[in-house]
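The structure appears right after this line, and notes come after that.
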Amino acid sequence: MRYLKYAFLIALAIVLATLALANRGAVTVRLLTDDLAAMVGFNLSVTLPLFVIICGGIIVGIVVGFIWEWFREMKHRTQAETERTARRKAEREVKRMKASDPKAQDDDVLALIDGSKA
C-alpha cells in the first residue's frame with residue numbers, strides 16, 4: 001500500500017511539472033476592468049505565470065470547500081458534544097448511585113444500564 005502511495009505522488013509530481021512547463025507564459029490578472037478602473041482611479045494588477053494562476057485557483061477552491069464543510073458540519077459536532085456530555089453525566093449518576101447504596105449492585109435496572117447483565 002505504501003508503494004501505491006509513492007507511485008501516486010510521483011505521478012502527481014510529473015503531471016504538475018508538465019503542467020508548469022507547458023504553461024510558463026506570463027498572464028496579467030487585473031482586479032477591475034479597464035473602464036471601471038478608469039472610473040475608480042486605480043487598477044490592481046499582477047503578472048504571473050499561468051501555472052501559478054491554475055494551481056492557486058485549485059488551492060483556493062480546496063480551502064473554500066474545507067471551510068464550507070466545516071461550517072456545514074458544525075451542527076453535527078455540536079449535537080455529538082451534547083450527547084457525549086449527557087452520557088458522561090448519566091455514567092457519573094450511575095456510579096454515584098452504586099456508591100451510595102450497596103444494594104444497588106443487584107438492581108437489574110442499573111445492571112442493564114451498566115451493561116454487566118443481559
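For the C-alpha cells, the naming scheme is as follows: chains receive sequential letters (A, B, ...) according to their order of presentation, residues are indexed from 1 within each chain, and ligands are indexed from 1 in presentation order.
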Each residue of region 45-64 of chain A lying at most 10 Å from region 26-36 of chain A should get a row with its shortest atom-to-atom pair and the distance in Å to one decimal, counting only C-alpha atoms; could you produce that, ordered by chain and increasing number, as JSON lines?
```
{"residue": "A:Ser45", "atom": "CA", "partner": "A:Arg30", "partner_atom": "CA", "distance": 4.2}
{"residue": "A:Val46", "atom": "CA", "partner": "A:Val29", "partner_atom": "CA", "distance": 5.4}
{"residue": "A:Thr47", "atom": "CA", "partner": "A:Thr28", "partner_atom": "CA", "distance": 4.1}
{"residue": "A:Leu48", "atom": "CA", "partner": "A:Ala26", "partner_atom": "CA", "distance": 5.3}
{"residue": "A:Pro49", "atom": "CA", "partner": "A:Ala26", "partner_atom": "CA", "distance": 4.3}
{"residue": "A:Leu50", "atom": "CA", "partner": "A:Val27", "partner_atom": "CA", "distance": 5.8}
{"residue": "A:Phe51", "atom": "CA", "partner": "A:Ala26", "partner_atom": "CA", "distance": 9.2}
{"residue": "A:Val52", "atom": "CA", "partner": "A:Val27", "partner_atom": "CA", "distance": 9.7}
{"residue": "A:Ile53", "atom": "CA", "partner": "A:Val27", "partner_atom": "CA", "distance": 8.4}
```
File of the preceding selection, N, CA and C atoms, as a short mmCIF file (atom, residue, chain, number, x, y, z; two decimals), in the first residue's frame:
```
data_model
loop_
_atom_site.label_atom_id
_atom_site.label_comp_id
_atom_site.auth_asym_id
_atom_site.auth_seq_id
_atom_site.Cartn_x
_atom_site.Cartn_y
_atom_site.Cartn_z
N SER A 45 -3.20 45.12 -10.56
CA SER A 45 -2.92 44.03 -11.50
C SER A 45 -1.59 43.40 -11.15
N VAL A 46 -1.47 42.12 -11.51
CA VAL A 46 -0.25 41.37 -11.25
C VAL A 46 0.00 40.46 -12.45
N THR A 47 1.26 40.29 -12.80
CA THR A 47 1.63 39.42 -13.91
C THR A 47 2.33 38.19 -13.34
N LEU A 48 1.75 37.02 -13.61
CA LEU A 48 2.27 35.75 -13.09
C LEU A 48 2.26 34.71 -14.20
N PRO A 49 3.06 33.65 -14.05
CA PRO A 49 2.96 32.54 -14.99
C PRO A 49 1.57 31.86 -14.87
N LEU A 50 1.09 31.34 -15.97
CA LEU A 50 -0.25 30.75 -16.00
C LEU A 50 -0.39 29.58 -15.03
N PHE A 51 0.67 28.76 -14.88
CA PHE A 51 0.55 27.60 -13.99
C PHE A 51 0.37 28.03 -12.53
N VAL A 52 0.90 29.19 -12.15
CA VAL A 52 0.69 29.71 -10.80
C VAL A 52 -0.77 30.07 -10.59
N ILE A 53 -1.38 30.67 -11.61
CA ILE A 53 -2.79 31.02 -11.55
C ILE A 53 -3.65 29.75 -11.43
#
```
Just list the residues in chain A DSSP gives strand (DSSP E) on the backbone, as a list in words.
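Selecting the strand (DSSP E) positions of chain A gives Ala26, Val27, Thr28, Val29, Arg30, Ser45, Val46, Thr47, Leu48 and Pro49 of chain A.
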Atom pair CA of Gly25 (chain A) / CA of Gly57 (chain A): separation (Å)
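Between CA of Gly25 (chain A) and CA of Gly57 (chain A) the gap is 16.6 Å.
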Can you tell me, as an MDAnalysis selection string, which residues in chain A count as helix (DSSP H, G or I) by DSSP?
chainID A and resid 2:22 34:40 50:72 74:100 102:106 108:114
Provide the CA of Ile62 (chain A) to CA of Leu12 (chain A) distance in Å, to one decimal place.
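Computed distance, CA of Ile62 (chain A) to CA of Leu12 (chain A), equals 16.6 Å.
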What is the distance, in Å and to one decimal place, between CA of Gly56 (chain A) and CA of Leu44 (chain A)?
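Distance between the two atoms: 17.7 Å.
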